[in-house]
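Inspection log for the structure reproduced underneath, given as C-alpha cells.
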Amino acid sequence: MPFLNEKSPAVTSESLSVRQNAHTVLEEITFQVAPGEMIGVIGPNGGGKTTLLRTLLGLIRPFAGRSTLLGCPSARLGPVRAKIGYIPQKRTHDRRFPLSAADVVQTGLYSPETLLRPIRRPQRERCREMLEMVDALPLAERSFGDLSGGEQQRVLLARALVRRPLLLLLDEPAAGLDPKAQYLFMEKLRQLRQRFALTILLVSHDLASLAAYVDRILCINRTMHIHGEPQQVLQSSALKKIYRCSYDLLRMAASREDENR
C-alpha cells in the first residue's frame with residue numbers, strides 16, 4: 001500500500017484541469033504538498049477552491065491532468081481513503097437533526113464494508129477520545145443540531161480524525177464562526193498537526209488568519225496565480241487583480257500576519 005513516506009509528496013497535482021457544464025473551472029493547476037506541511041488555499045468565490053478539493057478526493061473527474069493523495073491516484077484511492085480526513089463546506093443543520101455529537105463522530109468510522117456492522121466498544125471509546133482531543137467531550141451526548149457553529153466544527157474535526165488519518169482536507173472549516181471561535185479552531189488545528197504530524201490542505205477566505213498558521217499559500221482563481229510563503233503572497237501585487245480589492249486590506253492582512261509570528 002503506497003501511503004506516506006518522508007520522501008514522497010502527500011499531495012500532487014499535475015496540470016489538473018476541470019470542466020463543468022462546458023465551462024473551465026480549473027486550468028493547469030500544478031503543486032505538491034510535502035508530508036507534514038500545512039498549505040492554505042485562497043481565492044475569490046467561484047474561483048474553484050472547493051472543486052480542487054473534490055477533484056483531489058476523486059469526487060470529480062478532471063478533464064486533463066492527474067493528482068495523487070498519499071501516493072495513490074485520486075481516481076483509485078481505495079484503502080487510502082481511510083487515511084484521509086475531510087471536512088466539507090459548512091452547512092446549516094436543522095435543530096431536529098437526530099444524531100448526538102458522539103453519533104456524528106461515529107459516522108466517520110463507516111465505510112461500505114462496515115455500514116451494517118454495529119459499533120463496538122473500542123470504536124466508541126476512540127470516538128470519545130477524539131472528542132476529548134478537540135475539547136468537545138462534554139458535548140458528546142448533546143444533539144448536534146443544538147450546538148453552536150464553533151462546537152459543530154470541533155465535532156466535525158473529531159469525525160475527520162477518528163480514523164487517525166495522515167492527511168486532512170478542510171474546506172472553509174472556520175467560515176461563519178465569530179473571531180474567538182475561529183481562533184480557537186485554528187489553534188486546535190495547529191496543536192493536532194504538531195501532535196500527529198498531520199499534513200493539511202486548508203481552504204479559507206481569511207487571509208490574515210490563514211497566513212499565521214500555514215507554511216505556504218496557493219491563490220487560485222481558475223488558474224493558480226500565486227504560490228509561496230505567506231508573507232510573499234500577502235505582499236504580492238497579484239492579489240489586487242485576483243480579489244479586486246484595495247491594497248489597504250492586503251497590507252492590513254500582511255501586518256496581522258507579521259504580529260502573529
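Please note that chains go A, B, ... in the order of the C-alpha cells, that every chain numbers its residues from 1, and that ligands are numbered from 1 in the order shown.
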Exercise for the section: Could you give me, as an NGL selection string, the residues within 9 Å of Val105 (chain A), counting only C-alpha atoms and dropping anything in the same chain fewer than 3 positions from it? Expected result: :A and (100-102 or 108-109 or 127-128 or 130-131 or 155-162)
How about saving the chosen residues, C-alpha atoms kept, as a compact mmCIF listing (two decimals), in the first residue's frame?
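Once written, again_37.txt looks like this:
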```
# COMPACT_ATOMS: atom_id res chain seq x y z
CA SER A 100 -25.81 13.36 19.06
CA ALA A 101 -22.28 14.74 18.74
CA ALA A 102 -20.89 11.28 19.55
CA GLY A 108 -16.58 8.79 10.42
CA LEU A 109 -15.89 5.08 11.05
CA CYS A 127 -14.79 8.45 19.23
CA ARG A 128 -14.81 9.82 22.77
CA MET A 130 -11.26 12.22 19.53
CA LEU A 131 -13.95 14.41 21.07
CA VAL A 155 -17.21 17.78 16.42
CA LEU A 156 -16.69 17.53 12.65
CA LEU A 157 -12.95 17.83 13.21
CA ALA A 158 -13.16 14.91 15.66
CA ARG A 159 -15.08 12.98 12.99
CA ALA A 160 -12.33 13.70 10.44
CA LEU A 161 -9.71 12.46 12.92
CA VAL A 162 -11.46 9.31 14.13
```
Problem - Exercise: Gln32 (chain A) partners within 7 Å, only C-alpha atoms, chain neighbours under 4 positions left out, as a ChimeraX atom specification - result: /A:9,11-13
So that I can check the surroundings of Arg76 (chain A), please list as a tab-separated table (two decimals) with N, CA and C atoms, in the first residue's frame every protein, DNA and RNA residue that reaches within 10 Å of it, counting only C-alpha atoms and ignoring chain neighbours fewer than 6 positions away.
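This is the output file out.tsv:
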```
chain	number	residue	atom	x	y	z
A	57	LEU	N	-9.98	14.46	-4.10
A	57	LEU	CA	-10.59	13.33	-3.40
A	57	LEU	C	-11.21	12.31	-4.35
A	58	GLY	N	-11.17	12.57	-5.64
A	58	GLY	CA	-11.73	11.64	-6.61
A	58	GLY	C	-13.23	11.76	-6.78
A	68	THR	N	-2.61	12.88	-7.05
A	68	THR	CA	-2.45	11.75	-6.14
A	68	THR	C	-2.59	12.23	-4.70
A	69	LEU	N	-3.08	11.35	-3.84
A	69	LEU	CA	-3.10	11.56	-2.40
A	69	LEU	C	-2.41	10.38	-1.75
```
Exercise for the section: Please report, as a VMD selection string, each residue of region 18-249 of chain A to which DSSP assigns strand (DSSP E or B) when run on this structure's backbone. Expected result: chain A and resid 18 to 20 23 to 33 38 to 42 64 to 69 72 to 73 84 to 87 100 143 167 to 171 199 to 203 216 to 221 223 to 228
Handout entry: d(CA of Leu168 (chain A), CA of Tyr110 (chain A)) in Å
Key =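 Going from CA of Leu168 (chain A) over to CA of Tyr110 (chain A) covers 17.3 Å.
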Problem - Proximity to Ile29 (chain A) - best of A:Ser236, A:Asn221, A:Ser8, A:Thr199, only C-alpha atoms - result: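 Closest to Ile29 (chain A), using only C-alpha atoms: A:Asn221.
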Handout entry: Nearest candidate to Gly65 (chain A) (options A:Arg19, A:Arg142, A:Lys49, A:Arg190; using only C-alpha atoms)
Key =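 For Gly65 (chain A), the nearest of the candidates is A:Arg19.
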Handout entry: Counting only C-alpha atoms, the residue of A:Met38, A:Leu137, A:Ala238, A:Ala75 that sits nearest Arg193 (chain A)
Key =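 Smallest distance to Arg193 (chain A) is found for A:Met38.
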Problem - Given only C-alpha atoms as the counted atoms, nearest of A:Val25, A:Cys72, A:Val33, A:Ile39 to Pro230 (chain A) - result: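 For Pro230 (chain A), the nearest of the given residues is A:Ile39.
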Problem - Distance criterion (only C-alpha atoms): nearest to Asp171 (chain A) out of A:Leu70, A:Glu125, A:Arg54, A:Ala22 - result: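 Going through A:Leu70, A:Glu125, A:Arg54, A:Ala22 one by one, the smallest distance to Asp171 (chain A) is for A:Arg54.
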Handout entry: A:Leu53, A:Glu132, A:Val214, A:Pro138 ranked by distance to Tyr86 (chain A), top pick (using only C-alpha atoms)
Key =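 Closest candidate: A:Leu53.
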For region 26-106 of chain A versus region 173-176 of chain A, which residues have an atom no more than 8 Å away, and what is each residue's nearest atom pair and distance in Å rounded to one decimal, using only C-alpha atoms, chain-then-number order, as CSV?
```
residue,atom,partner,partner_atom,distance
A:Ile87,CA,A:Pro173,CA,6.9
A:Pro88,CA,A:Pro173,CA,7.6
A:Gln89,CA,A:Pro173,CA,6.7
A:Lys90,CA,A:Pro173,CA,6.7
```
